[in-house]
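*Asks:* Structure file query_4.cif (mmCIF, N, CA and C atoms) is given on the next line.
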```cif
data_my_file
loop_
_atom_site.label_atom_id
_atom_site.label_comp_id
_atom_site.auth_asym_id
_atom_site.auth_seq_id
_atom_site.Cartn_x
_atom_site.Cartn_y
_atom_site.Cartn_z
N MET A 1422 -27.26 -5.84 -3.81
CA MET A 1422 -25.85 -5.83 -3.47
C MET A 1422 -25.74 -5.82 -1.94
N GLY A 1423 -25.05 -6.81 -1.41
CA GLY A 1423 -24.88 -6.90 0.03
C GLY A 1423 -23.64 -6.16 0.51
N ILE A 1424 -23.45 -6.23 1.78
CA ILE A 1424 -22.27 -5.61 2.38
C ILE A 1424 -21.04 -6.38 1.96
N LYS A 1425 -20.01 -5.66 1.58
CA LYS A 1425 -18.75 -6.29 1.20
C LYS A 1425 -17.74 -6.09 2.31
N ARG A 1426 -16.82 -7.03 2.41
CA ARG A 1426 -15.82 -6.94 3.47
C ARG A 1426 -14.43 -6.77 2.87
N GLY A 1427 -13.62 -6.02 3.56
CA GLY A 1427 -12.24 -5.83 3.17
C GLY A 1427 -11.34 -5.90 4.38
N VAL A 1428 -10.05 -5.91 4.12
CA VAL A 1428 -9.07 -6.03 5.19
C VAL A 1428 -7.96 -5.02 4.95
N SER A 1429 -7.56 -4.36 6.01
CA SER A 1429 -6.40 -3.49 5.96
C SER A 1429 -5.16 -4.32 6.24
N LEU A 1430 -4.17 -4.25 5.37
CA LEU A 1430 -2.93 -4.98 5.63
C LEU A 1430 -2.22 -4.43 6.85
N TYR A 1431 -2.64 -3.25 7.32
CA TYR A 1431 -2.11 -2.71 8.56
C TYR A 1431 -2.42 -3.64 9.73
N SER A 1432 -3.46 -4.44 9.59
CA SER A 1432 -3.82 -5.42 10.63
C SER A 1432 -2.70 -6.43 10.86
N TYR A 1433 -1.85 -6.58 9.87
CA TYR A 1433 -0.76 -7.55 9.95
C TYR A 1433 0.58 -6.89 10.29
N GLN A 1434 0.54 -5.67 10.80
CA GLN A 1434 1.78 -4.92 11.03
C GLN A 1434 2.76 -5.64 11.94
N GLN A 1435 2.28 -6.29 12.98
CA GLN A 1435 3.18 -6.96 13.90
C GLN A 1435 3.87 -8.14 13.21
N SER A 1436 3.12 -8.91 12.44
CA SER A 1436 3.70 -10.03 11.71
C SER A 1436 4.71 -9.55 10.68
N GLU A 1437 4.44 -8.41 10.09
CA GLU A 1437 5.38 -7.86 9.11
C GLU A 1437 6.62 -7.33 9.83
N PHE A 1438 6.43 -6.63 10.93
CA PHE A 1438 7.55 -6.06 11.67
C PHE A 1438 8.52 -7.15 12.12
N PHE A 1439 7.98 -8.27 12.59
CA PHE A 1439 8.82 -9.38 13.06
C PHE A 1439 9.21 -10.33 11.92
N ARG A 1440 8.95 -9.91 10.70
CA ARG A 1440 9.34 -10.64 9.50
C ARG A 1440 8.76 -12.05 9.43
N LYS A 1441 7.53 -12.18 9.92
CA LYS A 1441 6.83 -13.46 9.85
C LYS A 1441 5.96 -13.54 8.59
N MET A 1442 5.57 -12.37 8.07
CA MET A 1442 4.74 -12.32 6.87
C MET A 1442 5.20 -11.17 5.98
N THR A 1443 5.17 -11.41 4.68
CA THR A 1443 5.39 -10.35 3.70
C THR A 1443 4.02 -9.89 3.21
N TRP A 1444 4.00 -8.86 2.39
CA TRP A 1444 2.72 -8.40 1.85
C TRP A 1444 2.08 -9.50 1.01
N LYS A 1445 2.90 -10.33 0.36
CA LYS A 1445 2.34 -11.45 -0.41
C LYS A 1445 1.67 -12.46 0.50
N ASP A 1446 2.32 -12.76 1.63
CA ASP A 1446 1.72 -13.67 2.61
C ASP A 1446 0.40 -13.12 3.12
N GLN A 1447 0.35 -11.82 3.33
CA GLN A 1447 -0.86 -11.18 3.85
C GLN A 1447 -2.01 -11.30 2.85
N LEU A 1448 -1.72 -11.09 1.57
CA LEU A 1448 -2.76 -11.24 0.55
C LEU A 1448 -3.28 -12.67 0.51
N ARG A 1449 -2.35 -13.62 0.57
CA ARG A 1449 -2.75 -15.04 0.57
C ARG A 1449 -3.63 -15.34 1.79
N GLU A 1450 -3.26 -14.81 2.94
CA GLU A 1450 -4.01 -15.02 4.18
C GLU A 1450 -5.44 -14.48 4.05
N VAL A 1451 -5.57 -13.29 3.52
CA VAL A 1451 -6.90 -12.70 3.35
C VAL A 1451 -7.74 -13.56 2.42
N ALA A 1452 -7.17 -13.93 1.28
CA ALA A 1452 -7.92 -14.69 0.28
C ALA A 1452 -8.25 -16.10 0.76
N SER A 1453 -7.36 -16.71 1.50
CA SER A 1453 -7.53 -18.12 1.88
C SER A 1453 -8.32 -18.32 3.17
N ASN A 1454 -8.26 -17.38 4.07
CA ASN A 1454 -8.81 -17.63 5.41
C ASN A 1454 -9.88 -16.65 5.88
N LEU A 1455 -10.17 -15.64 5.11
CA LEU A 1455 -11.19 -14.67 5.52
C LEU A 1455 -12.31 -14.67 4.49
N ASP A 1456 -13.16 -15.69 4.58
CA ASP A 1456 -14.24 -15.87 3.60
C ASP A 1456 -15.03 -14.59 3.37
N GLY A 1457 -15.17 -14.25 2.11
CA GLY A 1457 -15.98 -13.11 1.75
C GLY A 1457 -15.25 -11.78 1.74
N ALA A 1458 -14.04 -11.75 2.28
CA ALA A 1458 -13.27 -10.49 2.28
C ALA A 1458 -12.44 -10.45 1.00
N ASP A 1459 -12.67 -9.44 0.19
CA ASP A 1459 -11.87 -9.35 -1.03
C ASP A 1459 -11.29 -7.95 -1.26
N GLY A 1460 -11.67 -6.99 -0.43
CA GLY A 1460 -11.14 -5.64 -0.55
C GLY A 1460 -9.87 -5.49 0.26
N ILE A 1461 -8.90 -4.80 -0.31
CA ILE A 1461 -7.62 -4.61 0.36
C ILE A 1461 -7.34 -3.12 0.55
N GLU A 1462 -6.95 -2.77 1.76
CA GLU A 1462 -6.49 -1.42 2.09
C GLU A 1462 -5.02 -1.53 2.47
N ILE A 1463 -4.22 -0.59 2.00
CA ILE A 1463 -2.82 -0.55 2.41
C ILE A 1463 -2.47 0.85 2.91
N ILE A 1464 -1.41 0.91 3.66
CA ILE A 1464 -0.78 2.18 4.02
C ILE A 1464 0.48 2.25 3.18
N SER A 1465 0.57 3.24 2.34
CA SER A 1465 1.63 3.29 1.33
C SER A 1465 3.01 3.03 1.92
N GLU A 1466 3.36 3.73 2.97
CA GLU A 1466 4.70 3.62 3.55
C GLU A 1466 4.97 2.25 4.15
N ALA A 1467 3.92 1.57 4.60
CA ALA A 1467 4.09 0.28 5.26
C ALA A 1467 4.17 -0.89 4.28
N THR A 1468 3.45 -0.80 3.18
CA THR A 1468 3.35 -1.94 2.26
C THR A 1468 4.24 -1.81 1.04
N ILE A 1469 4.40 -0.62 0.52
CA ILE A 1469 5.13 -0.44 -0.74
C ILE A 1469 6.63 -0.37 -0.46
N PRO A 1470 7.39 -1.32 -1.01
CA PRO A 1470 8.84 -1.30 -0.77
C PRO A 1470 9.49 -0.05 -1.39
N ASN A 1471 10.40 0.53 -0.65
CA ASN A 1471 11.14 1.72 -1.09
C ASN A 1471 10.21 2.90 -1.42
N TYR A 1472 9.06 2.95 -0.74
CA TYR A 1472 8.16 4.08 -0.93
C TYR A 1472 8.92 5.36 -0.63
N PRO A 1473 8.81 6.38 -1.45
CA PRO A 1473 7.83 6.61 -2.51
C PRO A 1473 8.29 6.18 -3.90
N MET A 1474 9.43 5.53 -4.01
CA MET A 1474 9.96 5.15 -5.32
C MET A 1474 10.15 3.64 -5.41
N PRO A 1475 9.06 2.88 -5.47
CA PRO A 1475 9.21 1.43 -5.55
C PRO A 1475 9.81 1.00 -6.89
N PRO A 1476 10.45 -0.15 -6.91
CA PRO A 1476 10.97 -0.63 -8.20
C PRO A 1476 9.80 -0.98 -9.12
N GLU A 1477 10.01 -0.86 -10.41
CA GLU A 1477 8.95 -1.17 -11.38
C GLU A 1477 8.44 -2.59 -11.21
N SER A 1478 9.31 -3.49 -10.79
CA SER A 1478 8.90 -4.88 -10.61
C SER A 1478 7.80 -5.02 -9.56
N PHE A 1479 7.75 -4.10 -8.60
CA PHE A 1479 6.72 -4.18 -7.57
C PHE A 1479 5.32 -4.05 -8.16
N PHE A 1480 5.14 -3.15 -9.11
CA PHE A 1480 3.82 -2.96 -9.71
C PHE A 1480 3.34 -4.24 -10.37
N PHE A 1481 4.23 -4.89 -11.10
CA PHE A 1481 3.91 -6.15 -11.76
C PHE A 1481 3.55 -7.21 -10.73
N GLU A 1482 4.38 -7.35 -9.70
CA GLU A 1482 4.14 -8.36 -8.65
C GLU A 1482 2.83 -8.09 -7.92
N TRP A 1483 2.60 -6.84 -7.54
CA TRP A 1483 1.39 -6.48 -6.80
C TRP A 1483 0.14 -6.83 -7.62
N ASN A 1484 0.10 -6.37 -8.86
CA ASN A 1484 -1.08 -6.61 -9.69
C ASN A 1484 -1.28 -8.09 -9.97
N ASN A 1485 -0.20 -8.84 -10.14
CA ASN A 1485 -0.32 -10.29 -10.34
C ASN A 1485 -0.86 -10.98 -9.10
N GLU A 1486 -0.36 -10.62 -7.94
CA GLU A 1486 -0.82 -11.25 -6.69
C GLU A 1486 -2.28 -10.91 -6.41
N MET A 1487 -2.67 -9.68 -6.67
CA MET A 1487 -4.07 -9.30 -6.46
C MET A 1487 -4.98 -10.12 -7.38
N ALA A 1488 -4.59 -10.28 -8.64
CA ALA A 1488 -5.37 -11.07 -9.59
C ALA A 1488 -5.35 -12.55 -9.20
N ARG A 1489 -4.21 -13.03 -8.80
CA ARG A 1489 -4.07 -14.44 -8.41
C ARG A 1489 -5.07 -14.82 -7.32
N TRP A 1490 -5.23 -13.93 -6.35
CA TRP A 1490 -6.09 -14.23 -5.20
C TRP A 1490 -7.50 -13.66 -5.34
N GLY A 1491 -7.78 -13.01 -6.46
CA GLY A 1491 -9.12 -12.46 -6.68
C GLY A 1491 -9.46 -11.32 -5.73
N LEU A 1492 -8.48 -10.50 -5.42
CA LEU A 1492 -8.66 -9.39 -4.49
C LEU A 1492 -8.81 -8.07 -5.24
N LYS A 1493 -9.39 -7.10 -4.56
CA LYS A 1493 -9.60 -5.77 -5.16
C LYS A 1493 -8.91 -4.71 -4.32
N ALA A 1494 -8.14 -3.89 -5.00
CA ALA A 1494 -7.47 -2.76 -4.34
C ALA A 1494 -8.53 -1.69 -4.06
N VAL A 1495 -8.80 -1.43 -2.78
CA VAL A 1495 -9.88 -0.53 -2.40
C VAL A 1495 -9.36 0.82 -1.91
N THR A 1496 -8.39 0.81 -1.01
CA THR A 1496 -7.91 2.06 -0.42
C THR A 1496 -6.40 2.04 -0.24
N MET A 1497 -5.75 3.12 -0.66
CA MET A 1497 -4.34 3.32 -0.37
C MET A 1497 -4.24 4.58 0.49
N ASP A 1498 -3.96 4.38 1.77
CA ASP A 1498 -3.81 5.52 2.68
C ASP A 1498 -2.42 6.11 2.51
N THR A 1499 -2.36 7.41 2.43
CA THR A 1499 -1.08 8.10 2.33
C THR A 1499 -1.04 9.22 3.37
N TYR A 1500 0.14 9.68 3.62
CA TYR A 1500 0.31 10.76 4.60
C TYR A 1500 1.13 11.87 3.97
N LEU A 1501 0.84 13.05 4.39
CA LEU A 1501 1.58 14.21 3.91
C LEU A 1501 2.21 14.88 5.13
N ASP A 1502 3.51 14.79 5.22
CA ASP A 1502 4.23 15.38 6.35
C ASP A 1502 4.95 16.64 5.87
N PRO A 1503 4.41 17.80 6.16
CA PRO A 1503 5.04 19.03 5.69
C PRO A 1503 6.42 19.28 6.32
N LEU A 1504 6.76 18.51 7.35
CA LEU A 1504 8.06 18.67 8.01
C LEU A 1504 9.04 17.56 7.65
N GLN A 1505 8.79 16.85 6.55
CA GLN A 1505 9.63 15.71 6.21
C GLN A 1505 11.05 16.13 5.79
N PHE A 1506 11.22 17.35 5.36
CA PHE A 1506 12.56 17.81 4.96
C PHE A 1506 13.23 18.50 6.14
N ARG A 1507 14.49 18.25 6.31
CA ARG A 1507 15.22 18.85 7.43
C ARG A 1507 15.49 20.34 7.24
N ASP A 1508 15.51 20.78 5.99
CA ASP A 1508 15.92 22.16 5.73
C ASP A 1508 14.78 23.15 5.51
N HIS A 1509 13.52 22.65 5.41
CA HIS A 1509 12.41 23.59 5.21
C HIS A 1509 11.07 22.90 5.43
N VAL A 1510 10.06 23.72 5.63
CA VAL A 1510 8.69 23.23 5.69
C VAL A 1510 8.19 23.11 4.25
N MET A 1511 7.54 22.01 3.96
CA MET A 1511 7.05 21.77 2.60
C MET A 1511 6.12 22.89 2.16
N THR A 1512 6.31 23.37 0.95
CA THR A 1512 5.44 24.41 0.40
C THR A 1512 4.14 23.78 -0.09
N PHE A 1513 3.15 24.63 -0.36
CA PHE A 1513 1.89 24.12 -0.91
C PHE A 1513 2.13 23.43 -2.26
N ALA A 1514 3.02 23.99 -3.06
CA ALA A 1514 3.32 23.39 -4.37
C ALA A 1514 3.95 22.01 -4.20
N GLU A 1515 4.88 21.88 -3.25
CA GLU A 1515 5.50 20.58 -2.99
C GLU A 1515 4.47 19.58 -2.48
N ALA A 1516 3.58 20.05 -1.61
CA ALA A 1516 2.54 19.17 -1.07
C ALA A 1516 1.61 18.70 -2.19
N ALA A 1517 1.24 19.60 -3.08
CA ALA A 1517 0.37 19.24 -4.20
C ALA A 1517 1.05 18.21 -5.10
N GLU A 1518 2.33 18.39 -5.38
CA GLU A 1518 3.07 17.42 -6.19
C GLU A 1518 3.13 16.06 -5.51
N HIS A 1519 3.31 16.07 -4.20
CA HIS A 1519 3.35 14.82 -3.45
C HIS A 1519 2.02 14.08 -3.56
N ILE A 1520 0.92 14.79 -3.42
CA ILE A 1520 -0.40 14.19 -3.51
C ILE A 1520 -0.64 13.66 -4.93
N LYS A 1521 -0.27 14.45 -5.94
CA LYS A 1521 -0.44 14.00 -7.33
C LYS A 1521 0.36 12.73 -7.58
N TYR A 1522 1.59 12.68 -7.05
CA TYR A 1522 2.43 11.50 -7.22
C TYR A 1522 1.76 10.28 -6.59
N ASP A 1523 1.25 10.43 -5.37
CA ASP A 1523 0.60 9.31 -4.69
C ASP A 1523 -0.65 8.85 -5.45
N LEU A 1524 -1.39 9.76 -6.04
CA LEU A 1524 -2.55 9.38 -6.83
C LEU A 1524 -2.14 8.56 -8.06
N ARG A 1525 -1.06 8.95 -8.71
CA ARG A 1525 -0.56 8.19 -9.86
C ARG A 1525 -0.07 6.81 -9.42
N LEU A 1526 0.61 6.77 -8.29
CA LEU A 1526 1.09 5.51 -7.72
C LEU A 1526 -0.09 4.59 -7.42
N ALA A 1527 -1.12 5.11 -6.79
CA ALA A 1527 -2.30 4.33 -6.46
C ALA A 1527 -2.95 3.75 -7.72
N LYS A 1528 -3.03 4.55 -8.75
CA LYS A 1528 -3.62 4.10 -10.01
C LYS A 1528 -2.83 2.93 -10.59
N LYS A 1529 -1.51 3.02 -10.55
CA LYS A 1529 -0.68 1.94 -11.09
C LYS A 1529 -0.85 0.64 -10.29
N LEU A 1530 -1.29 0.78 -9.04
CA LEU A 1530 -1.50 -0.39 -8.20
C LEU A 1530 -2.95 -0.89 -8.25
N GLY A 1531 -3.77 -0.26 -9.07
CA GLY A 1531 -5.14 -0.73 -9.26
C GLY A 1531 -6.17 -0.12 -8.34
N PHE A 1532 -5.80 0.89 -7.57
CA PHE A 1532 -6.77 1.57 -6.71
C PHE A 1532 -7.55 2.56 -7.57
N GLU A 1533 -8.87 2.49 -7.47
CA GLU A 1533 -9.70 3.37 -8.29
C GLU A 1533 -9.91 4.70 -7.62
#
```
Starting from the file, give its structure as structure tokens.
*Replies:*
Amino acid sequence: MGIKRGVSLYSYQQSEFFRKMTWKDQLREVASNLDGADGIEIISEATIPNYPMPPESFFFEWNNEMARWGLKAVTMDTYLDPLQFRDHVMTFAEAAEHIKYDLRLAKKLGFE
């Protein structure tokens, strides 16, 4: 087994920010122009629409596009901001629930 290559969609942040590429365009770019790269890394907040509550249609679209281009979901980076609420610091229980939710979300997107 040789070294495998992957790409972080974060690499395309500028193109996404300026609305030149969508996440679908990015997957196509990786599959079409980066020979041998088939692993995909995403940052949840940057790639998943309406994170943390994406529409159900996103899961279907994501998994179809990954299969279409022969790509593998390798890493979903997430962040835990204990100060995300204006009225309190996140409790350990809230943080644990947030992490569990992200793990379930990652699984639905094909991340092992």
*Asks:* May I ask for the distance between atom C of Ile1463 of chain A and atom N of Phe1480 of chain A, given in Å to one decimal place?
*Replies:*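 Taking atom C of Ile1463 of chain A as the start and atom N of Phe1480 of chain A as the end point, the length is 14.8 Å.
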*Asks:* Among chain A, which residues carry a DSSP assignment of alpha helix (DSSP H), reported as an MDAnalysis selection string?
*Replies:* chainID A and resid 1434:1438 1444:1454 1465:1468 1477:1490 1513:1529
*Asks:* Between A:Val1495, A:Asp1459, A:Tyr1431, A:Glu1515, which residue has the minimum interatomic distance to Lys1528 of chain A, considering only C-alpha atoms?
*Replies:*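 When distances to Lys1528 of chain A are compared using only C-alpha atoms, the smallest one comes from A:Val1495.
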*Asks:* For a quick check of understanding, using only C-alpha atoms, which of A:Thr1512, A:Ser1465, A:Ser1478, A:Ser1453 has the smallest distance to Trp1490 of chain A?
*Replies:*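 Going through A:Thr1512, A:Ser1465, A:Ser1478, A:Ser1453 one by one, the smallest distance to Trp1490 of chain A is for A:Ser1453.
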*Asks:* So how far away is atom C of Glu1518 of chain A from atom CA of Asp1502 of chain A, in Å?
*Replies:*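 We find that atom CA of Asp1502 of chain A and atom C of Glu1518 of chain A lie 11.9 Å from each other.
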*Asks:* Counting only C-alpha atoms, which of A:Glu1482, A:Glu1450, A:Asp1498, A:Asp1508 gets nearest to Pro1470 of chain A?
*Replies:*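 For Pro1470 of chain A, the nearest of the given residues is A:Glu1482.
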*Asks:* Given the choices A:Ala1452, A:Met1442, A:Leu1504, A:Ala1516, which gets closest to Leu1492 of chain A if the distance is worked out from all atoms listed in the file?
*Replies:* A:Ala1452
*Asks:* Using only N, CA and C atoms and a cutoff of 8 Å, can you tell me which residues are near (-9.3, -0.9, 2.1) in the file's coordinates, and write them out as a ChimeraX atom specification?
*Replies:* /A:1426-1430,1460-1463,1493-1498
*Asks:* Let's have the selection written as a JSON list (two decimals), keeping the file's coordinate frame, with N, CA and C atoms.
*Replies:*
```json
[["chain", "number", "residue", "atom", "x", "y", "z"],
["A", 1426, "ARG", "N", -16.82, -7.03, 2.41],
["A", 1426, "ARG", "CA", -15.82, -6.94, 3.47],
["A", 1426, "ARG", "C", -14.43, -6.77, 2.87],
["A", 1427, "GLY", "N", -13.62, -6.02, 3.56],
["A", 1427, "GLY", "CA", -12.24, -5.83, 3.17],
["A", 1427, "GLY", "C", -11.34, -5.90, 4.38],
["A", 1428, "VAL", "N", -10.05, -5.91, 4.12],
["A", 1428, "VAL", "CA", -9.07, -6.03, 5.19],
["A", 1428, "VAL", "C", -7.96, -5.02, 4.95],
["A", 1429, "SER", "N", -7.56, -4.36, 6.01],
["A", 1429, "SER", "CA", -6.40, -3.49, 5.96],
["A", 1429, "SER", "C", -5.16, -4.32, 6.24],
["A", 1430, "LEU", "N", -4.17, -4.25, 5.37],
["A", 1430, "LEU", "CA", -2.93, -4.98, 5.63],
["A", 1430, "LEU", "C", -2.22, -4.43, 6.85],
["A", 1460, "GLY", "N", -11.67, -6.99, -0.43],
["A", 1460, "GLY", "CA", -11.14, -5.64, -0.55],
["A", 1460, "GLY", "C", -9.87, -5.49, 0.26],
["A", 1461, "ILE", "N", -8.90, -4.80, -0.31],
["A", 1461, "ILE", "CA", -7.62, -4.61, 0.36],
["A", 1461, "ILE", "C", -7.34, -3.12, 0.55],
["A", 1462, "GLU", "N", -6.95, -2.77, 1.76],
["A", 1462, "GLU", "CA", -6.49, -1.42, 2.09],
["A", 1462, "GLU", "C", -5.02, -1.53, 2.47],
["A", 1463, "ILE", "N", -4.22, -0.59, 2.00],
["A", 1463, "ILE", "CA", -2.82, -0.55, 2.41],
["A", 1463, "ILE", "C", -2.47, 0.85, 2.91],
["A", 1493, "LYS", "N", -9.39, -7.10, -4.56],
["A", 1493, "LYS", "CA", -9.60, -5.77, -5.16],
["A", 1493, "LYS", "C", -8.91, -4.71, -4.32],
["A", 1494, "ALA", "N", -8.14, -3.89, -5.00],
["A", 1494, "ALA", "CA", -7.47, -2.76, -4.34],
["A", 1494, "ALA", "C", -8.53, -1.69, -4.06],
["A", 1495, "VAL", "N", -8.80, -1.43, -2.78],
["A", 1495, "VAL", "CA", -9.88, -0.53, -2.40],
["A", 1495, "VAL", "C", -9.36, 0.82, -1.91],
["A", 1496, "THR", "N", -8.39, 0.81, -1.01],
["A", 1496, "THR", "CA", -7.91, 2.06, -0.42],
["A", 1496, "THR", "C", -6.40, 2.04, -0.24],
["A", 1497, "MET", "N", -5.75, 3.12, -0.66],
["A", 1497, "MET", "CA", -4.34, 3.32, -0.37],
["A", 1497, "MET", "C", -4.24, 4.58, 0.49],
["A", 1498, "ASP", "N", -3.96, 4.38, 1.77],
["A", 1498, "ASP", "CA", -3.81, 5.52, 2.68],
["A", 1498, "ASP", "C", -2.42, 6.11, 2.51]]
```
*Asks:* If you run DSSP on the backbone, which residues of chain A are strand (DSSP E or B), as a list in words?
*Replies:*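 Across chain A, those assigned strand (DSSP E or B) are Arg1426, Gly1427, Val1428, Ser1429, Ala1458, Asp1459, Gly1460, Ile1461, Glu1462, Ile1463, Ile1464, Lys1493, Ala1494, Val1495, Thr1496, Met1497 and Asp1498 of chain A.
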*Asks:* Would you save the residues of that selection, restricted to N, CA and C atoms, as a CSV table (one decimal), keeping the file's coordinate frame?
*Replies:*
```
chain,number,residue,atom,x,y,z
A,1426,ARG,N,-16.8,-7.0,2.4
A,1426,ARG,CA,-15.8,-6.9,3.5
A,1426,ARG,C,-14.4,-6.8,2.9
A,1427,GLY,N,-13.6,-6.0,3.6
A,1427,GLY,CA,-12.2,-5.8,3.2
A,1427,GLY,C,-11.3,-5.9,4.4
A,1428,VAL,N,-10.0,-5.9,4.1
A,1428,VAL,CA,-9.1,-6.0,5.2
A,1428,VAL,C,-8.0,-5.0,5.0
A,1429,SER,N,-7.6,-4.4,6.0
A,1429,SER,CA,-6.4,-3.5,6.0
A,1429,SER,C,-5.2,-4.3,6.2
A,1458,ALA,N,-14.0,-11.8,2.3
A,1458,ALA,CA,-13.3,-10.5,2.3
A,1458,ALA,C,-12.4,-10.4,1.0
A,1459,ASP,N,-12.7,-9.4,0.2
A,1459,ASP,CA,-11.9,-9.4,-1.0
A,1459,ASP,C,-11.3,-8.0,-1.3
A,1460,GLY,N,-11.7,-7.0,-0.4
A,1460,GLY,CA,-11.1,-5.6,-0.6
A,1460,GLY,C,-9.9,-5.5,0.3
A,1461,ILE,N,-8.9,-4.8,-0.3
A,1461,ILE,CA,-7.6,-4.6,0.4
A,1461,ILE,C,-7.3,-3.1,0.6
A,1462,GLU,N,-7.0,-2.8,1.8
A,1462,GLU,CA,-6.5,-1.4,2.1
A,1462,GLU,C,-5.0,-1.5,2.5
A,1463,ILE,N,-4.2,-0.6,2.0
A,1463,ILE,CA,-2.8,-0.6,2.4
A,1463,ILE,C,-2.5,0.8,2.9
A,1464,ILE,N,-1.4,0.9,3.7
A,1464,ILE,CA,-0.8,2.2,4.0
A,1464,ILE,C,0.5,2.2,3.2
A,1493,LYS,N,-9.4,-7.1,-4.6
A,1493,LYS,CA,-9.6,-5.8,-5.2
A,1493,LYS,C,-8.9,-4.7,-4.3
A,1494,ALA,N,-8.1,-3.9,-5.0
A,1494,ALA,CA,-7.5,-2.8,-4.3
A,1494,ALA,C,-8.5,-1.7,-4.1
A,1495,VAL,N,-8.8,-1.4,-2.8
A,1495,VAL,CA,-9.9,-0.5,-2.4
A,1495,VAL,C,-9.4,0.8,-1.9
A,1496,THR,N,-8.4,0.8,-1.0
A,1496,THR,CA,-7.9,2.1,-0.4
A,1496,THR,C,-6.4,2.0,-0.2
A,1497,MET,N,-5.8,3.1,-0.7
A,1497,MET,CA,-4.3,3.3,-0.4
A,1497,MET,C,-4.2,4.6,0.5
A,1498,ASP,N,-4.0,4.4,1.8
A,1498,ASP,CA,-3.8,5.5,2.7
A,1498,ASP,C,-2.4,6.1,2.5
```
*Asks:* Can you measure atom CA of Gln1434 of chain A to atom N of Gln1505 of chain A for me? One decimal in Å is fine.
*Replies:*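 Between atom CA of Gln1434 of chain A and atom N of Gln1505 of chain A the gap is 23.3 Å.
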*Asks:* Return the single residue from A:Glu1533, A:Glu1486, A:Glu1466, A:Glu1477 that is closest to Thr1499 of chain A, with distances computed using only C-alpha atoms.
*Replies:* A:Glu1466
